[in-house]
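Dumped model.cif below, it's mmCIF, C-alpha atoms:
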data_query
loop_
_atom_site.label_atom_id
_atom_site.label_comp_id
_atom_site.auth_asym_id
_atom_site.auth_seq_id
_atom_site.Cartn_x
_atom_site.Cartn_y
_atom_site.Cartn_z
CA MET A 1 32.14 -5.28 -61.23
CA PRO A 2 28.63 -4.84 -59.79
CA ARG A 3 28.36 -3.15 -56.43
CA ILE A 4 26.21 -4.77 -53.77
CA THR A 5 24.56 -2.35 -51.36
CA ALA A 6 22.24 -2.86 -48.47
CA HIS A 7 19.40 -0.46 -47.78
CA LEU A 8 17.92 0.19 -44.38
CA VAL A 9 14.19 0.37 -43.98
CA ILE A 10 12.65 2.21 -41.06
CA LYS A 11 9.57 0.47 -39.75
CA PRO A 12 7.92 2.94 -37.37
CA GLU A 13 4.83 0.82 -36.82
CA LYS A 14 6.93 -1.66 -34.84
CA SER A 15 8.78 0.99 -32.85
CA ASP A 16 5.57 2.60 -31.62
CA ARG A 17 5.72 0.19 -28.71
CA MET A 18 8.38 2.44 -27.20
CA ARG A 19 6.18 5.54 -27.12
CA ILE A 20 5.14 6.73 -23.67
CA SER A 21 1.47 6.28 -24.45
CA GLY A 22 1.98 2.52 -24.72
CA THR A 23 0.75 0.01 -22.20
CA VAL A 24 4.31 -1.18 -21.57
CA GLU A 25 5.16 2.15 -19.98
CA TRP A 26 2.02 2.21 -17.86
CA ARG A 27 2.76 -1.32 -16.66
CA ALA A 28 6.33 -0.26 -15.88
CA MET A 29 5.07 2.68 -13.83
CA LEU A 30 2.57 0.53 -11.94
CA SER A 31 5.25 -2.09 -11.27
CA LEU A 32 7.64 0.56 -9.98
CA PHE A 33 4.93 2.10 -7.79
CA LEU A 34 4.29 -1.35 -6.29
CA TYR A 35 8.05 -1.90 -5.84
CA ASN A 36 8.32 1.49 -4.10
CA VAL A 37 5.52 0.63 -1.68
CA ILE A 38 7.10 -2.75 -0.90
CA LYS A 39 10.47 -1.07 -0.22
CA PHE A 40 8.66 1.42 2.00
CA ILE A 41 6.87 -1.27 4.01
CA LEU A 42 9.97 -3.44 4.43
CA GLY A 43 12.27 -0.55 5.26
CA PHE A 44 9.93 1.59 7.39
CA GLU A 45 11.31 0.65 10.82
CA ILE A 46 14.88 0.47 9.58
CA MET A 47 14.70 4.01 8.16
CA ARG A 48 13.11 5.35 11.32
CA GLY A 49 15.88 3.69 13.36
CA TYR A 50 18.45 5.77 11.46
CA ALA A 51 16.55 9.10 11.70
CA VAL A 52 15.36 8.90 8.09
CA ASN A 53 11.75 9.95 7.52
CA PRO A 54 10.29 7.00 5.57
CA TRP A 55 7.34 9.09 4.39
CA ILE A 56 9.62 11.61 2.67
CA TYR A 57 11.52 8.73 1.08
CA LEU A 58 8.25 7.24 -0.19
CA VAL A 59 7.08 10.57 -1.63
CA LEU A 60 10.42 11.07 -3.40
CA ASP A 61 10.39 7.49 -4.67
CA VAL A 62 6.82 7.74 -5.98
CA PHE A 63 7.16 11.19 -7.54
CA THR A 64 10.36 10.26 -9.37
CA THR A 65 8.81 7.16 -10.95
CA PRO A 66 7.04 8.87 -13.91
CA PRO A 67 10.13 10.89 -14.94
CA TYR A 68 12.19 7.71 -14.59
CA VAL A 69 9.95 5.79 -16.99
CA VAL A 70 9.53 8.72 -19.39
CA GLY A 71 13.27 9.40 -19.30
CA THR A 72 14.05 5.78 -20.08
CA VAL A 73 11.64 5.65 -23.00
CA ARG A 74 12.73 8.98 -24.47
CA LEU A 75 16.42 8.18 -24.05
CA VAL A 76 15.99 4.82 -25.79
CA ASN A 77 14.03 6.46 -28.62
CA THR A 78 16.67 9.16 -29.05
CA LEU A 79 19.62 6.76 -28.99
CA ALA A 80 17.90 4.31 -31.34
CA ALA A 81 17.00 6.98 -33.91
CA GLU A 82 18.90 6.97 -37.19
CA GLU A 83 20.23 10.45 -36.48
CA GLY A 84 19.94 10.79 -32.72
CA ASP A 85 20.22 14.32 -31.33
CA LEU A 86 23.02 14.54 -28.76
CA GLY A 87 21.37 17.42 -26.88
CA THR A 88 18.11 15.48 -26.55
CA ALA A 89 19.97 12.36 -25.42
CA LEU A 90 21.84 14.39 -22.82
CA PHE A 91 18.62 15.98 -21.53
CA TRP A 92 16.84 12.62 -21.13
CA SER A 93 19.98 11.12 -19.58
CA LEU A 94 19.92 13.87 -16.96
CA VAL A 95 16.20 13.33 -16.30
CA LEU A 96 16.82 9.60 -15.90
CA PHE A 97 19.89 10.18 -13.71
CA ALA A 98 18.09 12.65 -11.43
CA SER A 99 14.94 10.56 -11.07
CA PHE A 100 17.05 7.50 -10.27
CA PHE A 101 19.28 9.15 -7.65
CA ILE A 102 16.98 11.60 -5.82
CA PRO A 103 15.51 9.04 -3.35
CA TYR A 104 18.97 7.59 -2.64
CA PHE A 105 20.50 11.04 -2.19
CA TYR A 106 17.81 11.70 0.40
CA LEU A 107 18.68 8.46 2.21
CA ALA A 108 22.37 9.34 2.23
CA TRP A 109 21.73 12.92 3.36
CA ALA A 110 19.11 12.14 6.02
CA GLY A 111 20.98 9.23 7.51
CA CYS A 112 24.54 10.50 7.11
CA GLY A 113 24.99 11.13 10.83
CA GLU A 114 23.27 7.94 11.91
CA PHE A 115 24.41 5.32 9.40
CA PRO A 116 27.30 3.11 10.49
CA ALA A 117 30.04 2.56 7.91
CA ALA A 118 28.67 -0.86 6.96
CA VAL A 119 25.26 0.60 6.10
CA ARG A 120 26.86 3.34 3.98
CA VAL A 121 28.91 0.76 2.10
CA MET A 122 25.86 -1.47 1.55
CA LEU A 123 23.76 1.48 0.37
CA GLY A 124 26.53 2.47 -2.03
CA LEU A 125 26.82 -1.07 -3.38
CA VAL A 126 23.06 -1.34 -3.86
CA VAL A 127 22.95 1.98 -5.72
CA ILE A 128 25.89 0.95 -7.92
CA ALA A 129 24.26 -2.39 -8.69
CA LEU A 130 20.96 -0.70 -9.56
CA LEU A 131 22.77 1.85 -11.75
CA VAL A 132 24.68 -0.87 -13.62
CA ASN A 133 21.41 -2.72 -14.16
CA LEU A 134 19.80 0.49 -15.47
CA VAL A 135 22.63 1.12 -17.95
CA ARG A 136 22.50 -2.49 -19.15
CA ALA A 137 18.72 -2.31 -19.57
CA VAL A 138 18.91 0.93 -21.58
CA ARG A 139 21.65 -0.51 -23.82
CA ARG A 140 19.63 -3.69 -24.36
CA ARG A 141 16.50 -1.68 -25.24
CA VAL A 142 18.43 0.60 -27.60
CA ASN A 143 19.94 -2.39 -29.42
CA SER A 144 16.54 -4.07 -29.61
CA GLU A 145 14.89 -0.91 -30.91
CA LYS A 146 17.61 -0.41 -33.52
CA ALA A 147 17.19 -3.99 -34.68
CA VAL A 148 13.46 -3.39 -35.18
CA ARG A 149 13.79 0.04 -36.80
CA PHE A 150 16.68 -0.64 -39.15
CA GLN A 151 16.22 -4.00 -40.78
CA PRO A 152 17.85 -4.71 -44.12
CA GLU A 153 15.43 -4.60 -46.98
CA THR A 154 14.64 -8.08 -48.25
CA PRO A 155 14.11 -8.43 -51.98
#
Output the file's structure as structure tokens, nothing else.
Amino acid sequence: MPRITAHLVIKPEKSDRMRISGTVEWRAMLSLFLYNVIKFILGFEIMRGYAVNPWIYLVLDVFTTPPYVVGTVRLVNTLAAEEGDLGTALFWSLVLFASFFIPYFYLAWAGCGEFPAAVRVMLGLVVIALLVNLVRAVRRRVNSEKAVRFQPETP
């Protein structure tokens, strides 16, 4: 009986869109910088009211944006690779985790004595929601990248 096999073809020219030199990553960084500035403007007086230095928060938010974008791209590339390296995936996961949480850790630390319980709960819920969204986005990008990289060969 003949055996039917499927062969996977790697198409790197399509996956180059996930490299950090791409315009998608630069647009992501610019969008996040703009988002950070908007958060800063909207939350300036609120942060000051709870003894949080909004300027430190802005600096942390802005300086963690490039590692956040780079970490996302590199993690997706590593997880989508045919033989992804676990050590590399762990490293980029840690970079992504740290760059995501540093500004929020500062908020929690700086305002810990001033925040009422309701503010702490809301901050925690916002961070959890953002983290869930991040995990879902990385999974979606990995699945999309795998679909592009490993398409069955068509005769």
Query - Picked residues, the PyMOL selection byres ((chain A and resi 107) around 12), as a ChimeraX atom specification - result: /A:43,46-48,50-58,60-61,101-106,108-115,119-120,123-124,127
Query raised in the report: Between CA of Ala137 (chain A) and CA of Thr72 (chain A), what is the distance, to one decimal in Å?
Result: 9.4 Å
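Closest to Leu34 (chain A) among A:Ala147, A:Val132, A:Val62, A:Leu75 is A:Val62, based on all atoms listed in the file.
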Report task. Can you give me, as a PyMOL selection string, the residues this file yields under the PyMOL selection byres ((chain A and resi 68) around 8)? Result -> chain A and resi 64-67+69-72+95-96+99-100
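Using all atoms listed in the file, the shortest contact distance between Ser144 (chain A) and any of A:Leu131, A:Ala80, A:Lys39, A:Val59 is found at A:Ala80.
Interatomic distance, CA of Val148 (chain A) to CA of Arg74 (chain A): 16.4 Å.
The interatomic distance for the pair CA of Glu83 (chain A) and CA of Phe97 (chain A) works out to 22.8 Å.
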**Report entry** From A:Asn143, A:Ile128, A:Val73, A:Thr78, residue lying nearest Val24 (chain A) [only C-alpha atoms]
**Finding:** A:Val73
